Amino acid sequence: METEMIDGSTRLFAIIGDPISAVRSPGVFNEMFERKNINAVLVPIHVEAAGLGAAWAGIKAMKNLEAVVITMPHKTAMCDLVDALGVNGQVVGAINAARRRSDGTWEGDMFDGIGCVNGLKAHGHEVAGRSVFQMGIGGAGSAVASALAQAGVKRLVIDDINTERRDQVVKKVGAAYPELVIEAGTLADGPFDIVINATPLGMREEDPLPFDPTTLPTSTLVVDVITKPEITPLLSLAQKSGHRTQTGKHMHHGQAIAVARFFGFDLES
């Protein structure tokens, strides 16, 4: 957005987090605003955890600030500050976007998992009716599991080293989507149409593989939610063994599209 466009009618959006220097949302949204000639701007706001309550009170007082993107470490704490939660936010217990409603109240929801599903669909990989294995059920993983259930997967098997957290997610997602077959298990409980790494394993060169893709049928789609590196060791090995793959970059783009729609914009048109 060109600076001279900013005036008293400019619509404000923000992303809050700590740290904030590496966030990508300002570039994505401001490019869209400029391309569509929308008088709006999204700015990064550095908010430490201890100051979140005060910052949120200030944000709510800014009547021309319409919505916020929420990044670490505020995704969980923000659930208690907004007035209403979407389905994924309720199931996951965290949100990464919030918008002001016409009555002045705020609603939030979680789009990390929706981004993964959107990315899959955008590249021709339907998830409805599929059998899926997911390794990792932390913040991003919980969101992915909820979004997969919402998208209509037939069976979802989850594994995580934190068995208590795994079992809690299985219970919460199963209660929200009673038609879904969801259970704790391992890759040995396959076959699966799609397998997903939702752990941080692969961000560093010395990380072990979350699982061995060479043991899977070549018809299985191998997905990684990690964005950097884009081709993780898991995906590299899967590609060499003849598997179709999907990267975290596709999830990030799908998430941006979903958040933009939540804010009332079509990122792609």
# chains A, B, ... in the order shown; residues from 1 in each chain; ligands from 1
$ residues_around --residues "region 35-39 of chain A" --least-positions-apart "6" --cutoff "12 Å" --atoms "only C-alpha atoms" --output "list in words"
Met1, Glu2, Thr3, Glu4, Met5, Ile6, Asp7, Gly8, Ser9, Thr10, Arg11, Leu12, Phe13, Gly27, Val28, Phe29, Asn64, Phe265, Asp266, Leu267, Glu268 and Ser269 of chain A
$ residues_around --residues "Ile16 (chain A)" --least-positions-apart "4" --cutoff "8 Å" --atoms "only C-alpha atoms" --output "number ranges by chain"
A: 20, 44-47, 68-71, 74
$ write_last_selection --atoms "C-alpha atoms" --output "CSV table (one decimal), in the first residue's frame"
chain,number,residue,atom,x,y,z
A,20,ILE,CA,7.3,-10.0,15.5
A,44,PRO,CA,3.0,-5.6,13.0
A,45,ILE,CA,2.6,-4.9,16.7
A,46,HIS,CA,5.2,-6.3,19.2
A,47,VAL,CA,3.3,-7.4,22.3
A,68,VAL,CA,-6.0,-9.0,14.1
A,69,VAL,CA,-3.8,-11.9,13.2
A,70,ILE,CA,-2.5,-13.6,16.3
A,71,THR,CA,0.9,-15.4,16.4
A,74,HIS,CA,-0.7,-15.4,22.3
$ select_by_dssp --residues "region 48-151 of chain A" --states "helix (DSSP H, G or I)" --output "ChimeraX atom specification"
/A:49-61,77-80,87-92,112-122,139-150
$ closest_atom_pairs --of "region 71-128 of chain A" --to "region 220-242 of chain A" --cutoff "12 Å" --atoms "only C-alpha atoms" --output "JSON lines"
{"residue": "A:Asp112", "atom": "CA", "partner": "A:Val225", "partner_atom": "CA", "distance": 9.6}
{"residue": "A:Gly113", "atom": "CA", "partner": "A:Val225", "partner_atom": "CA", "distance": 9.5}
{"residue": "A:Ile114", "atom": "CA", "partner": "A:Val225", "partner_atom": "CA", "distance": 12.0}
{"residue": "A:Gly115", "atom": "CA", "partner": "A:Val225", "partner_atom": "CA", "distance": 9.9}
{"residue": "A:Cys116", "atom": "CA", "partner": "A:Val225", "partner_atom": "CA", "distance": 7.5}
{"residue": "A:Val117", "atom": "CA", "partner": "A:Val223", "partner_atom": "CA", "distance": 10.8}
{"residue": "A:Gly119", "atom": "CA", "partner": "A:Val223", "partner_atom": "CA", "distance": 10.4}
{"residue": "A:Leu120", "atom": "CA", "partner": "A:Val223", "partner_atom": "CA", "distance": 8.9}
{"residue": "A:His123", "atom": "CA", "partner": "A:Leu221", "partner_atom": "CA", "distance": 11.7}
{"residue": "A:Gly124", "atom": "CA", "partner": "A:Leu221", "partner_atom": "CA", "distance": 11.3}
{"residue": "A:His125", "atom": "CA", "partner": "A:Leu221", "partner_atom": "CA", "distance": 8.5}
{"residue": "A:Glu126", "atom": "CA", "partner": "A:Leu221", "partner_atom": "CA", "distance": 10.9}
{"residue": "A:Val127", "atom": "CA", "partner": "A:Leu221", "partner_atom": "CA", "distance": 10.8}
$ select_by_dssp --residues "region 56-197 of chain A" --states "strand (DSSP E or B)" --output "VMD selection string"
chain A and resid 65 to 70 84 to 85 97 to 100 106 to 109 131 to 135 155 to 159 181 to 184 194 to 197
$ atom_distance --atom1 "CA of Met203 (chain A)" --atom2 "CA of Glu183 (chain A)"
27.1 Å
$ atom_distance --atom1 "CA of Asp103 (chain A)" --atom2 "CA of Glu66 (chain A)"
12.1 Å
$ residues_around --residues "region 149-159 of chain A" --least-positions-apart "2" --cutoff "7 Å" --atoms "only C-alpha atoms" --output "ChimeraX atom specification"
/A:127-136,145-147,166,177,180-186
$ write_last_selection --atoms "C-alpha atoms" --output "mmCIF file, in the first residue's frame"
data_model
loop_
_atom_site.group_PDB
_atom_site.id
_atom_site.type_symbol
_atom_site.label_atom_id
_atom_site.label_comp_id
_atom_site.auth_asym_id
_atom_site.auth_seq_id
_atom_site.Cartn_x
_atom_site.Cartn_y
_atom_site.Cartn_z
ATOM 1 C CA VAL A 127 -9.562 -35.191 2.111
ATOM 2 C CA ALA A 128 -13.255 -36.051 2.526
ATOM 3 C CA GLY A 129 -13.712 -39.777 2.969
ATOM 4 C CA ARG A 130 -9.965 -40.423 3.301
ATOM 5 C CA SER A 131 -8.030 -42.330 5.954
ATOM 6 C CA VAL A 132 -5.359 -40.132 7.553
ATOM 7 C CA PHE A 133 -2.454 -40.660 9.931
ATOM 8 C CA GLN A 134 -1.070 -37.642 11.767
ATOM 9 C CA MET A 135 2.153 -37.504 13.762
ATOM 10 C CA GLY A 136 2.207 -34.633 16.251
ATOM 11 C CA ALA A 145 -6.750 -32.566 13.360
ATOM 12 C CA SER A 146 -9.814 -30.384 13.954
ATOM 13 C CA ALA A 147 -9.795 -29.083 10.371
ATOM 14 C CA ARG A 166 -2.850 -36.923 22.322
ATOM 15 C CA TYR A 177 -17.378 -34.738 15.200
ATOM 16 C CA LEU A 180 -15.495 -39.459 12.592
ATOM 17 C CA VAL A 181 -13.506 -42.565 13.486
ATOM 18 C CA ILE A 182 -10.638 -41.049 15.500
ATOM 19 C CA GLU A 183 -8.175 -42.951 17.653
ATOM 20 C CA ALA A 184 -4.652 -43.008 19.027
ATOM 21 C CA GLY A 185 -2.359 -45.300 17.059
ATOM 22 C CA THR A 186 0.676 -45.655 14.835
#
$ atom_distance --atom1 "CA of Lys171 (chain A)" --atom2 "CA of Val92 (chain A)"
11.5 Å
$ closest_residue --among "A:Pro213, A:Leu52, A:Thr76, A:Ala260" --to "Phe33 (chain A)" --atoms "only C-alpha atoms"
A:Ala260
$ residues_around --residues "Thr105 (chain A)" --least-positions-apart "2" --cutoff "12 Å" --atoms "only C-alpha atoms" --output "number ranges by chain"
A: 60-61, 63, 66-67, 81-85, 98-103, 107-108
$ write_last_selection --atoms "N, CA and C atoms" --output "PDB file, in the first residue's frame"
ATOM      1  N   LYS A  60      -9.111  -2.892  21.293  1.00  0.00           N
ATOM      2  CA  LYS A  60     -10.572  -2.817  21.285  1.00  0.00           C
ATOM      3  C   LYS A  60     -11.063  -1.369  21.285  1.00  0.00           C
ATOM      4  N   ALA A  61     -10.260  -0.470  21.861  1.00  0.00           N
ATOM      5  CA  ALA A  61     -10.657   0.937  21.914  1.00  0.00           C
ATOM      6  C   ALA A  61     -10.454   1.649  20.585  1.00  0.00           C
ATOM      7  N   LYS A  63     -11.509   2.113  17.196  1.00  0.00           N
ATOM      8  CA  LYS A  63     -12.725   1.757  16.474  1.00  0.00           C
ATOM      9  C   LYS A  63     -12.510   1.516  14.988  1.00  0.00           C
ATOM     10  N   GLU A  66     -10.075  -3.236  12.631  1.00  0.00           N
ATOM     11  CA  GLU A  66     -11.151  -4.185  12.367  1.00  0.00           C
ATOM     12  C   GLU A  66     -10.840  -5.629  12.738  1.00  0.00           C
ATOM     13  N   ALA A  67      -9.559  -6.015  12.684  1.00  0.00           N
ATOM     14  CA  ALA A  67      -9.237  -7.424  12.905  1.00  0.00           C
ATOM     15  C   ALA A  67      -7.752  -7.569  13.187  1.00  0.00           C
ATOM     16  N   LEU A  81      -9.870 -13.694  25.864  1.00  0.00           N
ATOM     17  CA  LEU A  81     -10.050 -12.255  25.699  1.00  0.00           C
ATOM     18  C   LEU A  81     -11.115 -11.896  24.676  1.00  0.00           C
ATOM     19  N   VAL A  82     -11.371 -12.778  23.715  1.00  0.00           N
ATOM     20  CA  VAL A  82     -12.423 -12.497  22.737  1.00  0.00           C
ATOM     21  C   VAL A  82     -13.780 -12.899  23.318  1.00  0.00           C
ATOM     22  N   ASP A  83     -14.839 -12.445  22.663  1.00  0.00           N
ATOM     23  CA  ASP A  83     -16.192 -12.694  23.173  1.00  0.00           C
ATOM     24  C   ASP A  83     -16.792 -14.003  22.678  1.00  0.00           C
ATOM     25  N   ALA A  84     -16.296 -14.505  21.554  1.00  0.00           N
ATOM     26  CA  ALA A  84     -16.850 -15.727  20.987  1.00  0.00           C
ATOM     27  C   ALA A  84     -15.759 -16.470  20.226  1.00  0.00           C
ATOM     28  N   LEU A  85     -15.904 -17.804  20.184  1.00  0.00           N
ATOM     29  CA  LEU A  85     -14.945 -18.655  19.493  1.00  0.00           C
ATOM     30  C   LEU A  85     -15.637 -19.468  18.414  1.00  0.00           C
ATOM     31  N   ALA A  98      -8.769 -12.827  14.876  1.00  0.00           N
ATOM     32  CA  ALA A  98      -9.974 -12.317  15.544  1.00  0.00           C
ATOM     33  C   ALA A  98     -10.474 -11.107  14.773  1.00  0.00           C
ATOM     34  N   ARG A  99     -11.795 -10.933  14.744  1.00  0.00           N
ATOM     35  CA  ARG A  99     -12.387  -9.812  14.026  1.00  0.00           C
ATOM     36  C   ARG A  99     -13.453  -9.157  14.884  1.00  0.00           C
ATOM     37  N   ARG A 100     -13.638  -7.845  14.651  1.00  0.00           N
ATOM     38  CA  ARG A 100     -14.659  -7.099  15.352  1.00  0.00           C
ATOM     39  C   ARG A 100     -16.003  -7.292  14.635  1.00  0.00           C
ATOM     40  N   ARG A 101     -17.029  -7.653  15.380  1.00  0.00           N
ATOM     41  CA  ARG A 101     -18.348  -7.824  14.795  1.00  0.00           C
ATOM     42  C   ARG A 101     -19.110  -6.507  14.783  1.00  0.00           C
ATOM     43  N   SER A 102     -20.229  -6.496  14.076  1.00  0.00           N
ATOM     44  CA  SER A 102     -20.985  -5.256  13.897  1.00  0.00           C
ATOM     45  C   SER A 102     -21.475  -4.671  15.222  1.00  0.00           C
ATOM     46  N   ASP A 103     -21.652  -5.520  16.235  1.00  0.00           N
ATOM     47  CA  ASP A 103     -22.112  -5.022  17.536  1.00  0.00           C
ATOM     48  C   ASP A 103     -20.958  -4.615  18.445  1.00  0.00           C
ATOM     49  N   GLU A 107     -14.885 -11.880  17.788  1.00  0.00           N
ATOM     50  CA  GLU A 107     -14.886 -13.343  17.663  1.00  0.00           C
ATOM     51  C   GLU A 107     -13.563 -13.797  17.067  1.00  0.00           C
ATOM     52  N   GLY A 108     -13.097 -14.955  17.537  1.00  0.00           N
ATOM     53  CA  GLY A 108     -11.838 -15.487  17.048  1.00  0.00           C
ATOM     54  C   GLY A 108     -11.976 -16.925  16.610  1.00  0.00           C
TER      55      GLY A 108
END
